[in-house]
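Trainee: Sending over a structure as structure tokens; questions will come in a sec.
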Amino acid sequence: MIALDRASLRYGPILGLSPTTFELPDGGGITGLLGPNGAGKSSLLQLLSGLLPPSGGAVRIFGEAPFRNPAVLARLGLVPEGDRLPTGLRAGRWLRMMGQLSGLSGAALDQAVAQSLATVGMTDRAHLPFVRMSKGMRQRIRLAQALMHGPELLILDEPFNGLDPEARLTLMALLRGLAEGGVRILVSSHILGEIAQLTDRILLLFRGRLLAEGTVTEIRQLLDRHPVELRLTGEAQVLARWAVEQPELAALRMEEGAVVLSVRSPREFFPRLQRAAAEGGIPLRALDPLDLNLDAVFQYLTKDHA
Amino acid sequence: MPIYAPSLPPAPDLRHGQPPAVVLMRFDLTRLWRQKIGRFFGFAFLAMLLWKIARIYVDHLLNTNQAFKPMQDFARTILTQGAAFQADLLNPASYLLWFLVALVGGGLVARDTLYRVRPLMYAHPVAPRDYLLAKLGFASVLPFAILLPFALLPWLMSLLLAGLSGPVWVTAPLRLLPAMAVSSVLMGSLAVGASSMASTPRAGIGWVLGLVLGAGTLASMIHHLTGFRAIDALNPVLLAEAWPQLLVGVDHPLVAWVPALVGTAAHIGLWTFVAAKRTQPSEAVL
């Protein structure tokens, strides 16, 4: 569905996005575009949504270049960052206009407006002017305009900014529902927790470069320089005695009722640990991976490339 | 608020819509019509139009009724029927019209900049050319539509009341309509160009008024300092007023033919270029 081949973006002398290559497959699913402010997330989204042409390389969406290409843009929905909408307007009129710009008219337009409002749960509030809507409501309307023409690819730039926790959870549920319905969703955020709640598959950008692509576990396993930290809860002395005999052990720290291990090559270590626990060789009550999460992956990757 | 999103409906048929430029232009027109400013100016221009028509009717009465003979002689001196009278059909609305164009046109592009609407539009099958065409079209159609009854209704009334000998020439619309078209495009392009340089609608209004009045003041200063009359072509207000005079053949128009042609082309070209540059996708980044 999305294919970038050494695509880069320059703003005059400034490199917004270094040559980047990745592919996202067809079909529904959520991919998180992660990176701190200034990492190049918005630059990448502008390339993908056809707002700017790449300065170098190629961008292909549905097999075609998206820049000024109506055939691609008609199959794509964009929710840009921010919640500002013309204050005097009413949501219904605004949606109708955006639907018409996508090529809808007559009964098809009416149906699309009603359906998209129902999808975002705003049917009974469409008559309100934007000025009387909360941030969450305006964000839903922006999402509705992106959904109206039935896009196969939905691009959201920092959609959770400024939303309260309840609205955030509601929007996440909505996005999960859409992904299950077959829409490929690309969500950018600089807040790890949001992406972690939404999806396991990420694209990690840092200083205009794509650092990693894949699931958190896949990426973590590739970070050989940083041994995986595990907390084994049980009889600490016995667990420690067993652990020091393992060739993958890099470091060991004793805690009360637990032992924290730093392990290289976790793919080889985990099966051995499982076997030992199953055979009763070690008194293991609980196993907590301490840095197999998105937060740790992000920290390691950005620290290595800083 | 409930969420109903287990699945999406089938993709709708997108092939039957109207051209994006038409959609955007109609949206702006409907929007203006719903606003108080639209109603206010509608009323103001209607009042002016009625006054003009009333003048023609009174003129007719004075001409046809012998009881009014003394008044008729007097009226002939004040109700001129020559080229200047024809050109004047559009003139009294000029400043009010510029004011309307500034108020409405100043926010046309600036509002979209403020609310970041352009990235959304360009992420739909809308080309920058469509966007620019819609904004220029709206800003030009608006003054043209307002001036249209000023040119046509007095002409129609004059024709009905007095036939070929009425105060308004039978051929007046043939001269006034092209003049209106040129003036309207001049107003529209200036308003859109100025609006594209602003980041809020209020700033856009300021830009339009500043450009119109600033160019006028500059032209007037240079004219009076150097005696170089052609420099008046820098003044968009004079240009808009000069076109009806030029096309109906007034003896001493505000701006002569060549300066008017050069000045109008320069204004339209410059402001359209500015608007085109400022509404490119690179200016509409996320």
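We name chains A, B, ... following the order of the structure tokens; residues begin at 1 in each chain, and ligands are numbered from 1 as shown.
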Please report as a tab-separated table every residue of chain A lying within 8 Å of chain B, along with the nearest atom pair and their distance in Å (one decimal), using only C-alpha atoms.

Mentor:
```
residue	atom	partner	partner_atom	distance
A:Ser42	CA	B:Leu286	CA	6.6
A:Gln46	CA	B:Leu286	CA	7.0
A:Ser49	CA	B:Ala123	CA	5.9
A:Gly50	CA	B:Ala123	CA	6.5
A:Leu51	CA	B:Pro281	CA	5.6
A:Leu52	CA	B:Pro281	CA	6.4
A:Arg68	CA	B:Ala127	CA	6.5
A:Asn69	CA	B:Pro125	CA	7.2
A:Pro70	CA	B:Pro125	CA	4.5
A:Ala71	CA	B:Pro125	CA	7.7
A:Leu73	CA	B:His124	CA	5.4
A:Ala74	CA	B:Pro125	CA	6.0
A:Leu76	CA	B:Ala123	CA	7.7
A:Gly77	CA	B:Ala123	CA	7.3
A:Leu78	CA	B:Ala123	CA	6.5
A:Val79	CA	B:Leu120	CA	7.5
A:Pro80	CA	B:Leu286	CA	6.0
A:Glu81	CA	B:Leu286	CA	6.6
A:Arg84	CA	B:Tyr115	CA	5.3
A:Leu85	CA	B:Tyr115	CA	5.3
A:Pro86	CA	B:Tyr115	CA	6.1
A:Met97	CA	B:Val23	CA	7.0
A:Met98	CA	B:Met121	CA	7.6
A:Gln100	CA	B:Gly17	CA	6.0
A:Leu101	CA	B:Pro20	CA	5.4
A:Ser102	CA	B:His124	CA	5.8
A:Gly103	CA	B:Gly17	CA	4.0
A:Leu104	CA	B:Gly17	CA	4.9
A:Ser105	CA	B:Gly17	CA	5.1
A:Ala108	CA	B:Pro12	CA	6.6
A:Ala112	CA	B:Pro12	CA	7.3
A:Gln115	CA	B:Pro9	CA	7.7
A:Ala118	CA	B:Tyr4	CA	6.3
A:Thr119	CA	B:Tyr4	CA	5.0
A:Val120	CA	B:Ile3	CA	6.1
A:Gly121	CA	B:Ile3	CA	5.0
A:Met122	CA	B:Met1	CA	7.7
A:His149	CA	B:Pro12	CA	6.1
A:Gly150	CA	B:Ala11	CA	4.5
A:Pro151	CA	B:Ala11	CA	7.3
A:Thr170	CA	B:Ile3	CA	7.7
A:Leu174	CA	B:Ala5	CA	6.1
A:Gly177	CA	B:Pro6	CA	5.1
A:Leu178	CA	B:Ser7	CA	6.0
A:Glu180	CA	B:Ser7	CA	7.0
A:Gly181	CA	B:Ser7	CA	4.1
A:Gly182	CA	B:Ser7	CA	7.6
```

Trainee: Give me, as a PyMOL selection string, the residues of region 17-210 of chain B that a backbone DSSP run labels helix (DSSP H, G or I).

Mentor: chain B and resi 20-34+36-64+66-78+83-88+91-105+108-114+117-122+128-165+172-196+201-210

Trainee: Compare B:Ala256, B:Val237, B:Leu161, B:Ile205 by their minimum atom-to-atom distance to Ile53 (chain B), counting only C-alpha atoms, and give me the closest one.

Mentor: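 When distances to Ile53 (chain B) are compared using only C-alpha atoms, the smallest one comes from B:Leu161.
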
Trainee: Quick one: residues within 8 Å of Gly214 (chain A), only C-alpha atoms, excluding same-chain residues fewer than 4 positions away - as a VMD selection string?

Mentor: chain A and resid 201 to 203 218 to 219

Trainee: So that I can check the surroundings of region 238-247 of chain B, please list as a ChimeraX atom specification every protein, DNA and RNA residue that reaches within 7 Å of it, counting only C-alpha atoms and ignoring chain neighbours fewer than 4 positions away.

Mentor: /B:84,87,91,175-176,179,183,233,253-255,257,260,264

Trainee: Could you write those residues out with N, CA and C atoms, as a PDB file, in the first residue's frame?

Mentor:
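The result, written out as selection_1.pdb:
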```
ATOM      1  N   ALA B  84     -20.892  60.649 -19.809  1.00  0.00           N
ATOM      2  CA  ALA B  84     -20.567  60.700 -18.385  1.00  0.00           C
ATOM      3  C   ALA B  84     -21.704  60.114 -17.545  1.00  0.00           C
ATOM      4  N   ALA B  87     -21.517  56.292 -17.774  1.00  0.00           N
ATOM      5  CA  ALA B  87     -20.418  55.750 -16.956  1.00  0.00           C
ATOM      6  C   ALA B  87     -20.737  55.884 -15.474  1.00  0.00           C
ATOM      7  N   ASN B  91     -20.726  54.282 -10.902  1.00  0.00           N
ATOM      8  CA  ASN B  91     -19.764  54.986 -10.061  1.00  0.00           C
ATOM      9  C   ASN B  91     -20.109  55.169  -8.582  1.00  0.00           C
ATOM     10  N   ARG B 175     -21.316  48.315 -23.365  1.00  0.00           N
ATOM     11  CA  ARG B 175     -20.098  48.998 -22.947  1.00  0.00           C
ATOM     12  C   ARG B 175     -19.838  48.802 -21.450  1.00  0.00           C
ATOM     13  N   LEU B 176     -20.942  48.790 -20.690  1.00  0.00           N
ATOM     14  CA  LEU B 176     -20.756  48.726 -19.231  1.00  0.00           C
ATOM     15  C   LEU B 176     -20.367  47.322 -18.744  1.00  0.00           C
ATOM     16  N   ALA B 179     -16.714  46.639 -19.007  1.00  0.00           N
ATOM     17  CA  ALA B 179     -16.019  47.493 -18.034  1.00  0.00           C
ATOM     18  C   ALA B 179     -16.171  46.911 -16.628  1.00  0.00           C
ATOM     19  N   SER B 183     -13.170  45.634 -14.108  1.00  0.00           N
ATOM     20  CA  SER B 183     -13.069  46.208 -12.764  1.00  0.00           C
ATOM     21  C   SER B 183     -13.224  45.116 -11.700  1.00  0.00           C
ATOM     22  N   ALA B 233      -2.614  55.377 -12.881  1.00  0.00           N
ATOM     23  CA  ALA B 233      -2.948  53.969 -13.175  1.00  0.00           C
ATOM     24  C   ALA B 233      -2.485  53.039 -12.055  1.00  0.00           C
ATOM     25  N   PRO B 253     -11.473  60.903 -19.345  1.00  0.00           N
ATOM     26  CA  PRO B 253     -11.548  59.837 -18.338  1.00  0.00           C
ATOM     27  C   PRO B 253     -10.507  60.044 -17.236  1.00  0.00           C
ATOM     28  N   LEU B 254     -10.755  59.410 -16.088  1.00  0.00           N
ATOM     29  CA  LEU B 254      -9.827  59.552 -14.952  1.00  0.00           C
ATOM     30  C   LEU B 254      -8.429  59.044 -15.298  1.00  0.00           C
ATOM     31  N   VAL B 255      -8.384  57.972 -16.080  1.00  0.00           N
ATOM     32  CA  VAL B 255      -7.093  57.428 -16.524  1.00  0.00           C
ATOM     33  C   VAL B 255      -7.212  57.165 -18.028  1.00  0.00           C
ATOM     34  N   TRP B 257      -6.388  55.525 -21.872  1.00  0.00           N
ATOM     35  CA  TRP B 257      -6.435  54.135 -22.321  1.00  0.00           C
ATOM     36  C   TRP B 257      -5.169  53.355 -21.996  1.00  0.00           C
ATOM     37  N   ALA B 260      -4.351  52.866 -18.353  1.00  0.00           N
ATOM     38  CA  ALA B 260      -5.374  51.999 -17.738  1.00  0.00           C
ATOM     39  C   ALA B 260      -5.112  50.540 -18.095  1.00  0.00           C
ATOM     40  N   THR B 264      -3.987  48.080 -15.137  1.00  0.00           N
ATOM     41  CA  THR B 264      -4.900  46.984 -14.792  1.00  0.00           C
ATOM     42  C   THR B 264      -4.215  45.639 -14.980  1.00  0.00           C
TER      43      THR B 264
END
```

Trainee: Applying 10 Å and only C-alpha atoms, which residues near Arg253 (chain A) remain after dropping the ones on its own chain fewer than 4 positions away? List them as a ChimeraX atom specification.

Mentor: /A:231,236,240,258-262

Trainee: Point out the residue among A:Leu44, A:Leu33, A:Met133, A:Val228 with the least atom-to-atom distance to Leu252 (chain A), counting only C-alpha atoms.

Mentor: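 Closest candidate: A:Val228.
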
Trainee: To one decimal in Å, tell me the separation between CA of His60 (chain B) and CA of Met157 (chain B).

Mentor: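 Taking CA of His60 (chain B) as the start and CA of Met157 (chain B) as the end point, the length is 9.8 Å.
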
Trainee: May I ask for the distance between CA of Tyr57 (chain B) and CA of Phe40 (chain B), given in Å to one decimal place?

Mentor: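 Straight-line distance from CA of Tyr57 (chain B) to CA of Phe40 (chain B) works out to 25.9 Å.
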
Trainee: Check the smallest atom-to-atom distance from each of A:Gly234, A:Gly82, A:Gly29, A:Gly56 to Val187 (chain A) using only C-alpha atoms, then report the winner.

Mentor: A:Gly29
